[in-house]
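Okay, so here's the structure we're looking at.
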Amino acid sequence: MDAYIQGIIILTGINLLAVLGLSVLTGFTGLFSFGHAGFMAIGAYVGAIFSSKLGLPFAAAIVAAAAGAGAVSVLIGRLTLKLKGDYFCIATLGFGEAIRLILNNWKWAGGARGWDNLPASVTIWNVLIVDAIAVVLVWNLLNSRHGRNMVAVREEELAAQMAGVNVFRYKMIALFVSAALAGMAGAFMGHYMTYITPKLFNMVKSTDLTIIVIFGGLGSVSGSILGTLLLTALPEIFRAFSQWRLVFYGLAVIVIMVGRPQGLIGGMELTPAGIRKIAAERRAKSALAAAAKAAEQGGEE
Amino acid sequence: MSAILEIRGLTKRFGGLAAVNDVSFDVREGGISGLIGPNGAGKTTIFNLVTGVYKVTAGTISFAGRPIADLEPYKIAAAGITRTFQNIRLFKNLSAFDNVLTACHTGAKYGLAESMLRLPRYWREEKALRAKADELLGIMGLADRRDVTANNLPYGLQRRLEITRALALGPKLLLLDEPAAGMNPDETEQLMRLIGKIRDDFRLSVLVIEHHMDLIMGVCEHIHVLNFGCTLADGSPGDVANDPKVVEAYLGSEEGKKSC
């Protein structure tokens, strides 16, 4: 396969890991984050320590990256998840920047110049296999009582509490899952490019991830996948237009947000069961409308 | 009859304002009790205190003999107290079925790993939850609206769905916050029958806040009246309706408002 195409597929696959995690947090649990590049950075550096410094295999580096980012997310979550929506968002923004600045000044890990000569362990196959596993596990988690509890927190936090949902616990689970996946994505990124610098994980990276989740549609795994495919590929397709491509990228996002505020396929899933469900909802809605009309004509229901 | 909920000396202050001031009353096991009073009397505050949304300033709340005032809201819900809201709070973008199914979660024990790996217990318990959600929708007359998004339901059915969702937890005590708000007399009458039926079918106790006097007088066996956060009267519907202080609170007196 063409190395260029392969590169795009690998980058898309790496992005997908991070987006999938953020989809659990933002799309399903309703918490916005502008600091997930921070978790990617933690994963990238932990992964680098395991493979470069300790000489352990790539698989171990990936697991360590996920565990490291997940562990930090538990600390951050304890401090910030009791905050109301907007304040949590600001806290994540501060967290992401703090991580970047700490790494900038961490001489042992290369400081602002970064860390190079990482083993080039990433292949198109290990990315796609990890993607597939992650999609299945996240899908299964979301389609269970645990996933429903997360959605309940997003929909109506107080009612979720009154329905016996431990809101803090489910926010924490969502944050942990999203951080672990972002950490994994960071480690893949490092071992694909063979170097990492703190600058790779700035706020623009964080907002990119959030934009993809919103663009694809909140509350939809298939939406997040579709969003990742389109928004990672779009800048490449428009590469011929050089610097104009980012304008096209921005325009595409604006057009979608104005035309379809719920995102490409917000709240729906492109699976046989998901489509049946949409059809059932449509039928129920039109039956309801017909009944209302009949009641109006007949005087009484 | 013994008391399922005992409230003693309950007080809640917001800054200098005592929203609830030294209130004591019981909800009898298997009974339907009413909590009434003019706007701002502290009725919903008491619901928020009982369900753990607000922290109690002073006083005790015991449920089935166990103090609950310091518990987290989700633990109080799991212990058997559920509620509906004055302004309906459904999971708006979910279908009626999913609203009820979500609340059924306490009936399953499978963990995170079991759900991610789809182990046998997941399938077994998930099947039971779905059957239970469908059964509840059937009992509450919502089976034909199963797939309607909650937001698209007519107002009266949204109220009914909210009660169904509360029942999904298998509560021992159901708190209803103005269930008849915005309903016409026909719908109110239906609701009265429904509340009685729920109490009998699900063998639970009910505490209801309401302004519709016909509903309160028709369905409650015991009424507690609040005014400005204080107890004004407590007794059977007949006693309360004839209490001069209650009449004064609702209709006013010539001397103007009196505080307690």
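Ordering of the structure tokens sets the chain letters (A, B, ...); residue numbers start at 1 within each chain; ligands are numbered from 1 in the order shown.
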
Subject >> Residue neighbourhood Phe215 (chain A), 8 Å, only C-alpha atoms, exclusion window fewer than 2 positions, as a list in words >> reply: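 Using only C-alpha atoms, the neighbours found are Ile211, Ile212, Val213, Gly217, Ser224, Gly227, Val253, Ile256, Met257, Gly263 and Leu264 of chain A.
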
Original post:
Could you list, as an MDAnalysis selection string, every residue of chain A that has an atom within 10 Å of an atom of chain B, counting only C-alpha atoms?
Top reply: chainID A and resid 136:167 173 267 277:289 292

**OP:** For Ala18 (chain A), list every protein, DNA or RNA residue within 9 Å, evaluated using only C-alpha atoms, and leave out those in the same chain fewer than 2 positions away; present the list as a ChimeraX atom specification.
**Re:** /A:14-16,20-23,36-37,40,178-186,209

Those residues you just picked out, can you put them in a file as a PDB file, in the first residue's frame with C-alpha atoms?
```pdb
ATOM      1  CA  ILE A  14      -4.713   6.977  16.416  1.00  0.00           C
ATOM      2  CA  ASN A  15      -7.150   9.901  16.445  1.00  0.00           C
ATOM      3  CA  LEU A  16     -10.029   7.459  16.661  1.00  0.00           C
ATOM      4  CA  LEU A  20     -13.728   7.363  21.124  1.00  0.00           C
ATOM      5  CA  GLY A  21     -12.717   8.068  24.718  1.00  0.00           C
ATOM      6  CA  LEU A  22     -13.812  11.672  24.564  1.00  0.00           C
ATOM      7  CA  SER A  23     -17.109  10.520  23.073  1.00  0.00           C
ATOM      8  CA  HIS A  36      -7.544  15.796  26.751  1.00  0.00           C
ATOM      9  CA  ALA A  37      -4.305  16.500  24.889  1.00  0.00           C
ATOM     10  CA  MET A  40      -2.387  12.103  25.440  1.00  0.00           C
ATOM     11  CA  SER A 178     -11.569   8.722  28.136  1.00  0.00           C
ATOM     12  CA  ALA A 179      -8.189   9.443  29.744  1.00  0.00           C
ATOM     13  CA  ALA A 180      -6.953   5.866  29.334  1.00  0.00           C
ATOM     14  CA  LEU A 181      -7.870   5.860  25.638  1.00  0.00           C
ATOM     15  CA  ALA A 182      -6.285   9.291  25.151  1.00  0.00           C
ATOM     16  CA  GLY A 183      -3.133   8.010  26.872  1.00  0.00           C
ATOM     17  CA  MET A 184      -3.032   5.050  24.509  1.00  0.00           C
ATOM     18  CA  ALA A 185      -3.469   7.364  21.545  1.00  0.00           C
ATOM     19  CA  GLY A 186      -0.572   9.476  22.814  1.00  0.00           C
ATOM     20  CA  LEU A 209     -10.779  16.185  19.542  1.00  0.00           C
TER      21      LEU A 209
END
```

**OP:** Choose the residue, out of A:Leu75, A:Ala69, A:Cys89, A:Leu11, that has the smallest atom-to-atom separation from Thr207 (chain A); count only C-alpha atoms.
**Re:**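 Closest to Thr207 (chain A), using only C-alpha atoms: A:Cys89.
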
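Comparing A:Lys107, A:Lys82, A:Arg100, A:Arg169 by their smallest distance to Phe201 (chain A), the closest is A:Arg100 (using only C-alpha atoms).
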
Original post:
Quick one: residues within 10 Å of region 173-186 of chain B, only C-alpha atoms counted, chain neighbours fewer than 6 positions away excluded, as a PyMOL selection string?
Top reply: chain B and resi 4-5+27-36+43-44+47+50-51+63-64+77+79-88+155-156+159-160+162-163+166-167+192+195+198-199+203-212+214-215

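Minimum atom-to-atom distance to Asp116 (chain A), evaluated using only C-alpha atoms, belongs to A:Ala48 out of A:Ile265, A:Ala48, A:Leu251, A:Ala3.
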
**OP:** Give the answer as one residue: which of A:Leu93, A:Met189, A:Leu270, A:Val130 has the shortest atom-to-atom distance to Val204 (chain A), using only C-alpha atoms?
**Re:**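 For Val204 (chain A), the nearest of the candidates is A:Leu93.
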
**OP:** Grab the CA of Gly47 (chain A) to CA of Asp208 (chain A) distance for me, in Å with one decimal place.
**Re:**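 Separation between CA of Gly47 (chain A) and CA of Asp208 (chain A): 22.4 Å.
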
Original post:
Near Ser62 (chain B), within 6 Å and counting only C-alpha atoms, which residues show up once chain neighbours fewer than 4 positions away are dropped, as a count of residues only?
Top reply: 5

Original post:
What lies within 8 Å of region 137-139 of chain B using only C-alpha atoms, ignoring chain neighbours under 3 positions off, as a list in words?
Top reply: Phe97, Val100, Ala133, Asp134, Leu142, Ala143, Arg146 and Thr164 of chain B

Go ahead and save the picked residues with N, CA and C atoms, as a JSON list (two decimals), in the first residue's frame.
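again.json, freshly written:
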```
[["chain", "number", "residue", "atom", "x", "y", "z"],
["B", 97, "PHE", "N", -39.44, 3.84, 27.00],
["B", 97, "PHE", "CA", -38.87, 2.56, 27.45],
["B", 97, "PHE", "C", -37.49, 2.76, 28.08],
["B", 100, "VAL", "N", -37.51, 4.24, 31.60],
["B", 100, "VAL", "CA", -37.82, 3.27, 32.66],
["B", 100, "VAL", "C", -36.68, 2.27, 32.81],
["B", 133, "ALA", "N", -39.01, -3.47, 32.64],
["B", 133, "ALA", "CA", -39.37, -2.14, 32.11],
["B", 133, "ALA", "C", -40.65, -2.23, 31.28],
["B", 134, "ASP", "N", -40.74, -3.28, 30.45],
["B", 134, "ASP", "CA", -41.95, -3.44, 29.65],
["B", 134, "ASP", "C", -43.18, -3.70, 30.51],
["B", 142, "LEU", "N", -48.72, 2.66, 29.51],
["B", 142, "LEU", "CA", -47.87, 3.39, 28.57],
["B", 142, "LEU", "C", -47.29, 2.46, 27.50],
["B", 143, "ALA", "N", -47.78, 1.22, 27.45],
["B", 143, "ALA", "CA", -47.17, 0.24, 26.55],
["B", 143, "ALA", "C", -47.20, 0.71, 25.10],
["B", 146, "ARG", "N", -44.35, 3.12, 24.15],
["B", 146, "ARG", "CA", -43.03, 2.61, 24.51],
["B", 146, "ARG", "C", -41.88, 3.30, 23.79],
["B", 164, "THR", "N", -43.74, 6.29, 36.59],
["B", 164, "THR", "CA", -43.32, 4.94, 36.20],
["B", 164, "THR", "C", -41.83, 4.75, 36.44]]
```

Original post:
So which bits of region 98-239 of chain B end up strand (DSSP E) when you DSSP the backbone, as a PyMOL selection string?
Top reply: chain B and resi 173-177+205-209+222-227+230-235

Subject >> Residue neighbourhood Val56 (chain B), 10 Å, only C-alpha atoms, exclusion window fewer than 2 positions, as a list in words >> reply: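 The residues that qualify are Leu10, Thr11, Lys12, Arg13, Val20, Ile46, Asn48, Leu49, Val50, Gly52, Val53, Tyr54, Ala58, Gly59, Thr60, Ile61, Ala69 and Asp70 of chain B.
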